[in-house]
Amino acid sequence: MSSWTAFRKMYMTNRLIDEFNRITGMTADRYDRLTNSTITDWHDGSLLHRAQEWVDCLHEQRGKKILIIPDYDSDGVMSGLIVYASLYALGWTDVHLYYPTMDTGYGLSVESLNEALKEMSDADVIITTDNGIKAYEGIAEAKRRGLVVLVTDHHPGAEDEPEADVIVDPNSFYDDTYPFKAICGGEVAYKLMSLYAKQHGSNQERAWVNALYPFAGISAVADMMDMLDENRFLVKETVSYLSNFYVDNSAPKEYLRPFKGLWALLEELKDNGKLKYGVDVDTIGFYISPMLNASRRVMSTSKYAFRVFMDDDVMRSRSYARELWAINEHRKNRSNALSQAAMANWHGYDSLVTVIDAGVGYPGLVSGQLTGAFDLPTVVFSYEITGDGLLVSDESVLPGYVLHGSGRAPEWFHMGKAMTLIHSRNPEWFVSWGGHAGALGCAIHSEYLHEFKIALAHEVGRAEEKARLNSTSSAVNVIDVHDSDAGLVPEYCGYVASLEPFGQGFGRVPVKYSIELGTLQAIKQMGAERQHLKLATGVFDVLIWNYQTKAHIEKVMSGQRGSIVEFTGTLGVNEWNGRVTPQFIVDSVL
């Protein structure tokens with residue numbers, strides 16, 4: 001009996017499961033594919049365009065001095081560590097990992113090259129991770145200095161590529177051989193190093209390199225890759241590893257450093273009560289990734305994230321992980337204040353682009369909050385006046401500046417395609433940009449801010465109209481749950497859990513629940529800072545985490561008795577002393 005048949009036999013009368021299957025188009029074949037991902041789903045790195053050239057070129061540089069220049073986000077940290085540890089596992093003895101700063105721009109720029117070469121002036125080879133596909137000037141300067149440049153990236157490329165020795169990127173203009181494009185920078189780096197180890201490493205070296213897969217799995221979740229195809233297998237294996245941590249201590253000390261850092265991060269999460277129920281995909285998405293990103297968001301440098309993974313003394317790694325936790329807590333408080341201000345100032349399409357008085361590390365966080373609250377694509381720019389304020393009016397943005405921004409998009413809108421159109425029509429607006437379906441990083445000239453806002457609103461309007469015509473709006477794809485469905489919730493939650501991991505491309509189906517405020521039995525503030533709310537209906541416990549960051553929360557806090565408040569979110573269950581209580585975890589207040 002297949003796993004699908006078993007579930008349908010058990011739950012054939014569950015209305016919530018039927019709705020989930022209708023919305024997702026779930027079939028027996030698709031269910032079995034999603035729940036039974038195995039090593040056979042893993043695509044060989046040799047399928048990547050120019051992968052063999054990349055391996056051959058690296059092998060020609062055997063034993064030479066290698067300088068790794070990663071991106072500064074979570075994917076960059078993980079992919080940089082993969083290449084660093086792999087090279088030492090394969091016998092290299094002189095490898096340097098540069099800790100990028102946002103002050104020198106994204107990826108391999110001329111500025112970052114100069115800074116990196118101050119740290120390793122006699123480098124022979126540069127390897128980029130999670131960047132490089134559009135590093136025209138930085139690569140040109142590196143080649144002028146006689147360096148070999150090997151690029152690993154996953155961002156969209158153009159027909160005119162930088163003059164690197166070899167570029168490997170599944171989303172390059174020329175890659176028509178790799179079967180699944182939605183892999184992260186960490187996965188590209190891992191596949192190339194595994195391919196090298198397969199061809200040129202000993203059995204032990206291959207085992208060491210192959211064992212670095214958890215860093216690629218963290219990358220896939222952190223960079224919001226589609227939870228489909230080979231990513232499902234990788235992420236499941238990563239969660240299993242994080243739950244049963246182990247490492248071969250006979251490996252070179254440099255190889256062991258990233259594992260010591262990963263252990264230190266998990267211990268820090270445990271100390272702060274975040275692993276009470278074990279490790280799952282949300283552990284990566286809600287805790288590990290934000291901690292890795294906090295360093296560059298708050299301090300404008302990735303140094304504080306990288307050094308957790310680059311020490312021989314595991315207790316120093318623990319100390320660095322503790323410091324990273326504190327940095328992330330500061331980041332959360334600041335981003336919450338900025339997000340609340342942006343939500344309070346929300347005016348629909350007029351607010352798709354927001355300018356904040358904060359450093360360049362905060363726009364992505366605020367954009368993510370706005371997109372999550374309003375289900376619309378948003379772009380947030382940094383224009384730091386004092387760094388202590390919140391929002392900046394358009395009139396206060398002076399010409400002659402470069403605005404650095406970040407954007408997020410819901411699944412119905414492809415940010416990368418929209419920005420490609422906007423850039424092709426108005427290249428003079430942009431200093432740089434890059435991104436994919438769900439996320440964007442860009443820099444524009446401040447004098448074009450108003451025009452940029454209009455252009456984005458136009459693209460969003462077109463996409464929303466198309467979604468309406470195709471009947472794919474989010475209103476159709478929501479499960480309405482009522483108090484009478486309470487008994488169905490445990491089975492429904494078990495069914496949904498069997499389909500983990502969820503993420504971009506295969507997301508959780510939102511559930512809608514309505515409350516008449518006059519019928520509530522209690523409203524209780526929870527948490528050390530009373531930052532969460534629990535609404536007791538007598539049937540469901542409705543949980544609103546960090547309620548002050550939710551748009552329209554005033555409908556709950558000051559709503560009149562008898563008024564109806566609608567929520568979207570997810571279902572869960574709480575088991576306590578043998579009693580099972582259905583829960584509704586709020587994502588947004590409608």
# chains A, B, ... in the order shown; residues from 1 in each chain; ligands from 1
call {"tool": "residues_around", "arguments": {"residues": "Asp483 (chain A)", "least_positions_apart": "6", "cutoff": "10 Å", "atoms": "only C-alpha atoms", "output": "list in words"}}
result
Tyr513, Ser514, Ile515, Thr537, Gly538, Val539, Phe540 and Pro582 of chain A
call {"tool": "closest_residue", "arguments": {"among": "A:Asp71, A:Glu428, A:Asp94, A:Glu268", "to": "Val151 (chain A)", "atoms": "only C-alpha atoms"}}
result
A:Asp71
call {"tool": "residues_around", "arguments": {"residues": "Asn546 (chain A)", "least_positions_apart": "2", "cutoff": "12 Å", "atoms": "only C-alpha atoms", "output": "list of chain:residue names"}}
result
A:Lys332, A:Asn333, A:Asn336, A:Ala337, A:Ser339, A:Gln340, A:Gln369, A:Gln525, A:Met526, A:Gly527, A:Ala528, A:Glu529, A:Arg530, A:Gln531, A:His532, A:Leu533, A:Lys534, A:Leu543, A:Ile544, A:Gln548, A:Thr549, A:Lys550, A:Ala551, A:Ile553, A:Ile585, A:Val586, A:Asp587, A:Ser588
call {"tool": "closest_atom_pairs", "arguments": {"of": "region 182-292 of chain A", "to": "region 75-92 of chain A", "cutoff": "7 Å", "atoms": "only C-alpha atoms", "output": "CSV"}}
result
residue,atom,partner,partner_atom,distance
A:Gly185,CA,A:Ser79,CA,6.1
A:Gly186,CA,A:Ser79,CA,4.0
A:Ala189,CA,A:Ser79,CA,5.9
A:Tyr190,CA,A:Ile82,CA,6.3
A:Met193,CA,A:Ser86,CA,6.5
A:Gly201,CA,A:Leu90,CA,6.3
A:Glu205,CA,A:Leu90,CA,5.8
A:Trp208,CA,A:Ala89,CA,6.4
A:Val209,CA,A:Ser86,CA,5.3
A:Leu212,CA,A:Ile82,CA,6.5
A:Phe215,CA,A:Met78,CA,5.4
A:Ala216,CA,A:Met78,CA,6.7
A:Ser219,CA,A:Asp75,CA,4.6
A:Ala222,CA,A:Asp75,CA,6.6
A:Asp223,CA,A:Asp75,CA,6.1
A:Pro252,CA,A:Ala89,CA,6.4
A:Glu254,CA,A:Tyr88,CA,6.4
A:Tyr255,CA,A:Ala85,CA,4.3
A:Pro258,CA,A:Leu81,CA,6.6
call {"tool": "write_last_selection", "arguments": {"atoms": "all heavy atoms", "output": "CSV table (one decimal), in the first residue's frame"}}
result
chain,number,residue,atom,x,y,z
A,185,GLY,N,23.5,29.1,-4.1
A,185,GLY,CA,24.9,29.1,-4.3
A,185,GLY,C,25.6,28.1,-3.5
A,185,GLY,O,26.7,27.5,-4.0
A,186,GLY,N,25.1,27.7,-2.3
A,186,GLY,CA,25.8,26.6,-1.6
A,186,GLY,C,25.7,25.3,-2.3
A,186,GLY,O,26.7,24.5,-2.2
A,189,ALA,N,28.3,25.3,-5.2
A,189,ALA,CA,29.7,25.1,-4.6
A,189,ALA,C,29.9,23.7,-4.2
A,189,ALA,O,30.9,23.1,-4.5
A,189,ALA,CB,29.9,26.1,-3.5
A,190,TYR,N,28.9,23.1,-3.5
A,190,TYR,CA,29.0,21.7,-3.0
A,190,TYR,C,29.1,20.7,-4.2
A,190,TYR,O,29.9,19.8,-4.2
A,190,TYR,CB,27.8,21.4,-2.2
A,190,TYR,CG,27.7,20.0,-1.7
A,190,TYR,CD1,28.6,19.6,-0.7
A,190,TYR,CD2,26.8,19.1,-2.2
A,190,TYR,CE1,28.6,18.2,-0.2
A,190,TYR,CE2,26.8,17.7,-1.8
A,190,TYR,CZ,27.7,17.3,-0.8
A,190,TYR,OH,27.7,16.0,-0.4
A,193,MET,N,32.6,21.0,-5.8
A,193,MET,CA,33.7,20.4,-4.9
A,193,MET,C,33.5,18.9,-4.8
A,193,MET,O,34.5,18.1,-4.8
A,193,MET,CB,33.7,21.0,-3.6
A,193,MET,CG,34.0,22.5,-3.6
A,193,MET,SD,35.5,23.0,-4.6
A,193,MET,CE,36.8,22.0,-3.8
A,201,GLY,N,40.1,13.0,-5.7
A,201,GLY,CA,40.3,12.8,-4.3
A,201,GLY,C,40.4,11.3,-3.9
A,201,GLY,O,39.9,10.4,-4.7
A,205,GLU,N,39.0,11.5,1.3
A,205,GLU,CA,38.8,12.9,0.9
A,205,GLU,C,37.4,13.1,0.3
A,205,GLU,O,36.7,14.0,0.6
A,205,GLU,CB,39.9,13.3,-0.1
A,205,GLU,CG,41.2,13.5,0.6
A,205,GLU,CD,42.4,13.7,-0.4
A,205,GLU,OE1,42.1,13.4,-1.7
A,205,GLU,OE2,43.5,14.1,0.0
A,208,TRP,N,34.9,13.1,3.2
A,208,TRP,CA,34.9,14.4,3.9
A,208,TRP,C,34.2,15.5,3.1
A,208,TRP,O,33.4,16.2,3.7
A,208,TRP,CB,36.4,14.8,4.1
A,208,TRP,CG,37.1,14.1,5.2
A,208,TRP,CD1,36.5,13.5,6.3
A,208,TRP,CD2,38.5,13.9,5.4
A,208,TRP,NE1,37.4,12.9,7.1
A,208,TRP,CE2,38.7,13.1,6.6
A,208,TRP,CE3,39.6,14.3,4.6
A,208,TRP,CZ2,40.0,12.8,7.0
A,208,TRP,CZ3,40.9,13.9,5.1
A,208,TRP,CH2,41.0,13.1,6.3
A,209,VAL,N,34.5,15.6,1.8
A,209,VAL,CA,33.8,16.6,1.0
A,209,VAL,C,32.3,16.3,0.9
A,209,VAL,O,31.5,17.2,1.1
A,209,VAL,CB,34.4,16.7,-0.4
A,209,VAL,CG1,33.6,17.6,-1.3
A,209,VAL,CG2,35.9,17.2,-0.3
A,212,LEU,N,29.9,17.6,3.7
A,212,LEU,CA,29.6,19.0,3.9
A,212,LEU,C,28.2,19.4,3.4
A,212,LEU,O,27.8,20.5,3.4
A,212,LEU,CB,30.6,19.8,3.1
A,212,LEU,CG,32.0,19.8,3.7
A,212,LEU,CD1,33.0,20.3,2.6
A,212,LEU,CD2,32.1,20.6,4.9
A,215,PHE,N,25.7,22.2,5.0
A,215,PHE,CA,25.9,23.6,4.8
A,215,PHE,C,25.2,24.0,3.5
A,215,PHE,O,24.6,25.1,3.4
A,215,PHE,CB,27.4,23.9,4.7
A,215,PHE,CG,28.2,23.6,6.0
A,215,PHE,CD1,28.8,22.4,6.2
A,215,PHE,CD2,28.2,24.5,7.0
A,215,PHE,CE1,29.4,22.1,7.4
A,215,PHE,CE2,28.9,24.3,8.2
A,215,PHE,CZ,29.5,23.0,8.4
A,216,ALA,N,25.1,23.1,2.5
A,216,ALA,CA,24.3,23.4,1.3
A,216,ALA,C,22.8,23.4,1.6
A,216,ALA,O,22.1,24.2,1.1
A,216,ALA,CB,24.6,22.3,0.2
A,219,SER,N,21.9,26.6,3.2
A,219,SER,CA,21.8,27.6,2.2
A,219,SER,C,20.5,27.5,1.4
A,219,SER,O,19.9,28.6,1.1
A,219,SER,CB,22.9,27.3,1.2
A,219,SER,OG,24.2,27.8,1.6
A,222,ALA,N,17.8,29.0,3.7
A,222,ALA,CA,18.1,30.4,4.0
A,222,ALA,C,17.9,31.3,2.7
A,222,ALA,O,17.4,32.4,2.9
A,222,ALA,CB,19.5,30.6,4.4
A,223,ASP,N,18.2,30.8,1.5
A,223,ASP,CA,18.0,31.6,0.3
A,223,ASP,C,16.7,31.4,-0.3
A,223,ASP,O,16.5,31.8,-1.5
A,223,ASP,CB,19.2,31.3,-0.7
A,223,ASP,CG,19.7,32.5,-1.3
A,223,ASP,OD1,19.8,33.6,-0.6
A,223,ASP,OD2,20.0,32.5,-2.5
A,252,PRO,N,41.3,17.1,8.7
A,252,PRO,CA,42.1,18.3,8.9
A,252,PRO,C,41.5,19.3,9.8
A,252,PRO,O,40.2,19.5,9.7
A,252,PRO,CB,42.4,18.9,7.5
A,252,PRO,CG,42.2,17.7,6.6
A,252,PRO,CD,41.1,16.9,7.2
A,254,GLU,N,41.4,22.5,9.7
A,254,GLU,CA,40.6,23.6,9.0
A,254,GLU,C,39.3,23.1,8.5
A,254,GLU,O,38.3,23.9,8.5
A,254,GLU,CB,41.5,24.1,7.8
A,254,GLU,CG,42.8,24.7,8.2
A,254,GLU,CD,43.9,23.7,8.3
A,254,GLU,OE1,43.7,22.5,8.2
A,254,GLU,OE2,45.1,24.2,8.5
A,255,TYR,N,39.2,21.9,8.1
A,255,TYR,CA,37.9,21.2,7.7
A,255,TYR,C,37.0,21.2,8.8
A,255,TYR,O,35.8,21.4,8.7
A,255,TYR,CB,38.2,19.8,7.2
A,255,TYR,CG,37.0,19.0,6.9
A,255,TYR,CD1,36.4,19.0,5.6
A,255,TYR,CD2,36.4,18.2,7.9
A,255,TYR,CE1,35.2,18.3,5.4
A,255,TYR,CE2,35.3,17.4,7.6
A,255,TYR,CZ,34.7,17.5,6.4
A,255,TYR,OH,33.6,16.7,6.1
A,258,PRO,N,34.3,24.7,10.4
A,258,PRO,CA,32.8,24.9,10.1
A,258,PRO,C,31.9,24.1,11.0
A,258,PRO,O,30.8,24.5,11.4
A,258,PRO,CB,32.7,24.7,8.6
A,258,PRO,CG,34.1,24.9,8.1
A,258,PRO,CD,35.0,24.4,9.1
call {"tool": "closest_residue", "arguments": {"among": "A:Leu67, A:Ala443, A:Leu262, A:Leu242", "to": "Val279 (chain A)", "atoms": "only C-alpha atoms"}}
result
A:Leu242
call {"tool": "atom_distance", "arguments": {"atom1": "CA of Gly25 (chain A)", "atom2": "CA of Leu499 (chain A)"}}
result
13.6 Å
call {"tool": "select_by_dssp", "arguments": {"residues": "region 338-542 of chain A", "states": "alpha helix (DSSP H)", "output": "ChimeraX atom specification"}}
result
/A:338-344,363-374,415-425,449-469,489-497
call {"tool": "closest_residue", "arguments": {"among": "A:Thr93, A:Asn231, A:Gln204, A:Asn14", "to": "Asp248 (chain A)", "atoms": "only C-alpha atoms"}}
result
A:Gln204
call {"tool": "residues_around", "arguments": {"residues": "Phe413 (chain A)", "least_positions_apart": "2", "cutoff": "8 Å", "atoms": "only C-alpha atoms", "output": "ChimeraX atom specification"}}
result
/A:377,409-411,415,437-438,460,463-464
call {"tool": "write_last_selection", "arguments": {"atoms": "C-alpha atoms", "output": "PDB file, in the first residue's frame"}}
result
ATOM      1  CA  PRO A 377       5.615  42.768  -3.678  1.00  0.00           C
ATOM      2  CA  ALA A 409       7.534  39.101  -3.401  1.00  0.00           C
ATOM      3  CA  PRO A 410       4.683  36.653  -2.773  1.00  0.00           C
ATOM      4  CA  GLU A 411       4.511  33.519  -4.922  1.00  0.00           C
ATOM      5  CA  MET A 415      10.307  39.863  -8.799  1.00  0.00           C
ATOM      6  CA  ALA A 437      11.449  35.124  -8.103  1.00  0.00           C
ATOM      7  CA  GLY A 438      10.991  35.905  -4.423  1.00  0.00           C
ATOM      8  CA  VAL A 460       2.372  44.616  -9.862  1.00  0.00           C
ATOM      9  CA  ALA A 463       0.499  40.664 -12.543  1.00  0.00           C
ATOM     10  CA  GLU A 464      -2.416  40.991 -10.132  1.00  0.00           C
TER      11      GLU A 464
END
call {"tool": "closest_residue", "arguments": {"among": "A:Asp153, A:Asp32, A:Glu159, A:Asp394", "to": "Pro70 (chain A)", "atoms": "only C-alpha atoms"}}
result
A:Asp153
call {"tool": "closest_residue", "arguments": {"among": "A:Val379, A:His154, A:Ile66, A:Ala164", "to": "Met120 (chain A)", "atoms": "only C-alpha atoms"}}
result
A:Ile66
call {"tool": "closest_residue", "arguments": {"among": "A:Ser121, A:Asn574, A:Ser112, A:Gln521", "to": "Gly138 (chain A)", "atoms": "only C-alpha atoms"}}
result
A:Ser112
call {"tool": "select_by_dssp", "arguments": {"residues": "region 74-198 of chain A", "states": "strand (DSSP E or B)", "output": "list in words"}}
result
Val95, His96, Leu97, Thr101, Val125, Ile126, Ile127, Thr128, Thr129, Asn131, Val148, Val149, Leu150, Val151, Thr152, Val166, Ile167 and Val168 of chain A
call {"tool": "atom_distance", "arguments": {"atom1": "CA of Ile356 (chain A)", "atom2": "CA of Leu403 (chain A)"}}
result
10.4 Å
call {"tool": "residues_around", "arguments": {"residues": "Lys453 (chain A)", "least_positions_apart": "2", "cutoff": "10 Å", "atoms": "only C-alpha atoms", "output": "PyMOL selection string"}}
result
chain A and resi 349-354+378-379+448-451+455-458
call {"tool": "write_last_selection", "arguments": {"atoms": "all heavy atoms", "output": "short mmCIF file (atom, residue, chain, number, x, y, z; two decimals), in the first residue's frame"}}
result
data_model
loop_
_atom_site.label_atom_id
_atom_site.label_comp_id
_atom_site.auth_asym_id
_atom_site.auth_seq_id
_atom_site.Cartn_x
_atom_site.Cartn_y
_atom_site.Cartn_z
N TYR A 349 -0.89 50.45 -3.10
CA TYR A 349 0.10 50.54 -4.18
C TYR A 349 1.05 51.72 -4.01
O TYR A 349 2.18 51.70 -4.49
CB TYR A 349 -0.62 50.65 -5.52
CG TYR A 349 -0.94 49.32 -6.16
CD1 TYR A 349 -1.35 48.23 -5.39
CD2 TYR A 349 -0.85 49.14 -7.53
CE1 TYR A 349 -1.65 47.02 -5.97
CE2 TYR A 349 -1.14 47.93 -8.13
CZ TYR A 349 -1.54 46.87 -7.34
OH TYR A 349 -1.83 45.65 -7.92
N ASP A 350 0.62 52.78 -3.31
CA ASP A 350 1.49 53.92 -3.09
C ASP A 350 2.63 53.59 -2.12
O ASP A 350 3.59 54.36 -2.01
CB ASP A 350 0.70 55.10 -2.52
CG ASP A 350 -0.25 55.70 -3.55
OD1 ASP A 350 0.00 55.49 -4.75
OD2 ASP A 350 -1.23 56.35 -3.15
N SER A 351 2.52 52.45 -1.43
CA SER A 351 3.53 52.09 -0.43
C SER A 351 4.34 50.86 -0.83
O SER A 351 5.03 50.29 0.01
CB SER A 351 2.86 51.84 0.92
OG SER A 351 2.15 52.97 1.37
N LEU A 352 4.25 50.46 -2.10
CA LEU A 352 5.05 49.30 -2.53
C LEU A 352 6.54 49.56 -2.39
O LEU A 352 7.34 48.64 -2.23
CB LEU A 352 4.72 48.94 -3.98
CG LEU A 352 3.29 48.49 -4.28
CD1 LEU A 352 3.14 48.17 -5.76
CD2 LEU A 352 2.92 47.28 -3.43
N VAL A 353 6.93 50.84 -2.48
CA VAL A 353 8.32 51.24 -2.27
C VAL A 353 8.39 52.17 -1.06
O VAL A 353 7.69 53.16 -0.99
CB VAL A 353 8.89 51.95 -3.52
CG1 VAL A 353 10.33 52.42 -3.26
CG2 VAL A 353 8.86 51.01 -4.72
N THR A 354 9.22 51.81 -0.10
CA THR A 354 9.36 52.56 1.15
C THR A 354 10.82 52.90 1.36
O THR A 354 11.71 52.13 1.00
CB THR A 354 8.85 51.71 2.34
OG1 THR A 354 7.48 51.36 2.12
CG2 THR A 354 8.97 52.45 3.64
N THR A 378 7.11 44.21 -2.44
CA THR A 378 7.57 45.48 -1.89
C THR A 378 9.08 45.61 -2.08
O THR A 378 9.79 44.62 -2.14
CB THR A 378 7.26 45.61 -0.38
OG1 THR A 378 7.90 44.54 0.33
CG2 THR A 378 5.76 45.55 -0.13
N VAL A 379 9.52 46.85 -2.16
CA VAL A 379 10.95 47.17 -2.19
C VAL A 379 11.19 48.25 -1.15
O VAL A 379 10.46 49.25 -1.10
CB VAL A 379 11.42 47.64 -3.57
CG1 VAL A 379 12.89 48.04 -3.53
CG2 VAL A 379 11.20 46.55 -4.62
N TYR A 448 15.67 59.02 -9.33
CA TYR A 448 14.68 58.22 -10.06
C TYR A 448 13.75 57.45 -9.12
O TYR A 448 13.04 56.54 -9.56
CB TYR A 448 15.39 57.24 -10.99
CG TYR A 448 16.17 57.91 -12.10
CD1 TYR A 448 17.56 57.84 -12.12
CD2 TYR A 448 15.52 58.62 -13.11
CE1 TYR A 448 18.29 58.45 -13.14
CE2 TYR A 448 16.24 59.23 -14.12
CZ TYR A 448 17.63 59.16 -14.13
OH TYR A 448 18.34 59.77 -15.13
N LEU A 449 13.76 57.79 -7.85
CA LEU A 449 12.93 57.06 -6.88
C LEU A 449 11.46 57.08 -7.27
O LEU A 449 10.79 56.04 -7.26
CB LEU A 449 13.11 57.66 -5.48
CG LEU A 449 12.21 57.09 -4.38
CD1 LEU A 449 12.49 55.61 -4.16
CD2 LEU A 449 12.40 57.88 -3.08
N HIS A 450 10.92 58.26 -7.62
CA HIS A 450 9.50 58.37 -7.94
C HIS A 450 9.16 57.54 -9.17
O HIS A 450 8.15 56.81 -9.20
CB HIS A 450 9.13 59.84 -8.17
CG HIS A 450 7.67 60.04 -8.45
ND1 HIS A 450 6.69 59.80 -7.51
CD2 HIS A 450 7.03 60.45 -9.58
CE1 HIS A 450 5.51 60.06 -8.03
NE2 HIS A 450 5.68 60.46 -9.29
N GLU A 451 9.99 57.60 -10.21
CA GLU A 451 9.74 56.83 -11.42
C GLU A 451 9.80 55.32 -11.14
O GLU A 451 9.03 54.55 -11.70
CB GLU A 451 10.77 57.21 -12.49
CG GLU A 451 10.57 58.59 -13.10
CD GLU A 451 11.23 59.69 -12.28
OE1 GLU A 451 11.69 59.40 -11.15
OE2 GLU A 451 11.31 60.83 -12.78
N ALA A 455 6.88 52.53 -11.83
CA ALA A 455 7.13 51.36 -12.68
C ALA A 455 6.82 50.06 -11.94
O ALA A 455 6.23 49.14 -12.51
CB ALA A 455 8.59 51.37 -13.14
N LEU A 456 7.22 49.96 -10.67
CA LEU A 456 6.92 48.75 -9.92
C LEU A 456 5.42 48.58 -9.73
O LEU A 456 4.89 47.47 -9.89
CB LEU A 456 7.63 48.78 -8.55
CG LEU A 456 7.38 47.55 -7.67
CD1 LEU A 456 7.90 46.28 -8.34
CD2 LEU A 456 8.04 47.73 -6.30
N ALA A 457 4.73 49.66 -9.39
CA ALA A 457 3.27 49.59 -9.22
C ALA A 457 2.60 49.11 -10.51
O ALA A 457 1.63 48.34 -10.47
CB ALA A 457 2.72 50.95 -8.79
N HIS A 458 3.11 49.56 -11.64
CA HIS A 458 2.55 49.15 -12.93
C HIS A 458 2.72 47.64 -13.13
O HIS A 458 1.77 46.95 -13.53
CB HIS A 458 3.24 49.91 -14.06
CG HIS A 458 2.83 49.47 -15.43
ND1 HIS A 458 1.58 49.73 -15.97
CD2 HIS A 458 3.50 48.75 -16.38
CE1 HIS A 458 1.50 49.21 -17.18
NE2 HIS A 458 2.65 48.61 -17.46
#
call {"tool": "closest_atom_pairs", "arguments": {"of": "region 149-246 of chain A", "to": "region 501-511 of chain A", "cutoff": "9 Å", "atoms": "only C-alpha atoms", "output": "tab-separated table"}}
result
residue	atom	partner	partner_atom	distance
A:Val221	CA	A:Gly503	CA	7.6
A:Met224	CA	A:Gln504	CA	5.8
A:Met225	CA	A:Gln504	CA	5.8
A:Asp226	CA	A:Gln504	CA	4.4
A:Met227	CA	A:Gly503	CA	5.2
A:Leu228	CA	A:Phe506	CA	6.8
A:Arg232	CA	A:Pro501	CA	6.7
A:Val235	CA	A:Pro501	CA	7.5
A:Lys236	CA	A:Pro501	CA	7.2
call {"tool": "atom_distance", "arguments": {"atom1": "CA of Lys64 (chain A)", "atom2": "CA of Asp124 (chain A)"}}
result
6.2 Å
call {"tool": "decode", "arguments": {"residues": "region 542-557 of chain A", "atoms": "N, CA and C atoms", "output": "mmCIF file, in the first residue's frame"}}
result
data_model
loop_
_atom_site.group_PDB
_atom_site.id
_atom_site.type_symbol
_atom_site.label_atom_id
_atom_site.label_comp_id
_atom_site.auth_asym_id
_atom_site.auth_seq_id
_atom_site.Cartn_x
_atom_site.Cartn_y
_atom_site.Cartn_z
ATOM 1 N N VAL A 542 -5.966 30.890 19.620
ATOM 2 C CA VAL A 542 -5.440 31.683 18.522
ATOM 3 C C VAL A 542 -4.182 32.392 19.007
ATOM 4 N N LEU A 543 -3.032 32.093 18.377
ATOM 5 C CA LEU A 543 -1.742 32.618 18.810
ATOM 6 C C LEU A 543 -1.235 33.646 17.804
ATOM 7 N N ILE A 544 -0.869 34.811 18.307
ATOM 8 C CA ILE A 544 -0.344 35.881 17.456
ATOM 9 C C ILE A 544 1.046 36.232 17.975
ATOM 10 N N TRP A 545 2.079 35.710 17.296
ATOM 11 C CA TRP A 545 3.448 35.978 17.711
ATOM 12 C C TRP A 545 3.854 37.388 17.307
ATOM 13 N N ASN A 546 4.520 38.101 18.221
ATOM 14 C CA ASN A 546 4.973 39.477 17.965
ATOM 15 C C ASN A 546 3.836 40.316 17.397
ATOM 16 N N TYR A 547 2.768 40.347 18.153
ATOM 17 C CA TYR A 547 1.517 40.905 17.622
ATOM 18 C C TYR A 547 1.639 42.368 17.210
ATOM 19 N N GLN A 548 2.546 43.105 17.821
ATOM 20 C CA GLN A 548 2.659 44.524 17.486
ATOM 21 C C GLN A 548 3.192 44.757 16.076
ATOM 22 N N THR A 549 3.793 43.737 15.479
ATOM 23 C CA THR A 549 4.302 43.882 14.111
ATOM 24 C C THR A 549 3.233 43.546 13.071
ATOM 25 N N LYS A 550 2.053 43.108 13.501
ATOM 26 C CA LYS A 550 1.014 42.700 12.554
ATOM 27 C C LYS A 550 0.209 43.903 12.077
ATOM 28 N N ALA A 551 0.022 43.986 10.780
ATOM 29 C CA ALA A 551 -0.865 45.010 10.235
ATOM 30 C C ALA A 551 -2.292 44.741 10.711
ATOM 31 N N HIS A 552 -3.025 45.794 10.964
ATOM 32 C CA HIS A 552 -4.441 45.750 11.367
ATOM 33 C C HIS A 552 -4.657 45.113 12.736
ATOM 34 N N ILE A 553 -3.619 45.039 13.562
ATOM 35 C CA ILE A 553 -3.789 44.424 14.886
ATOM 36 C C ILE A 553 -4.740 45.238 15.751
ATOM 37 N N GLU A 554 -4.929 46.509 15.396
ATOM 38 C CA GLU A 554 -5.854 47.337 16.176
ATOM 39 C C GLU A 554 -7.284 46.802 16.125
ATOM 40 N N LYS A 555 -7.608 46.017 15.094
ATOM 41 C CA LYS A 555 -8.941 45.410 15.021
ATOM 42 C C LYS A 555 -9.172 44.454 16.189
ATOM 43 N N VAL A 556 -8.089 43.856 16.666
ATOM 44 C CA VAL A 556 -8.187 42.956 17.819
ATOM 45 C C VAL A 556 -8.099 43.734 19.117
ATOM 46 N N MET A 557 -7.147 44.655 19.206
ATOM 47 C CA MET A 557 -6.862 45.331 20.463
ATOM 48 C C MET A 557 -7.921 46.344 20.840
#
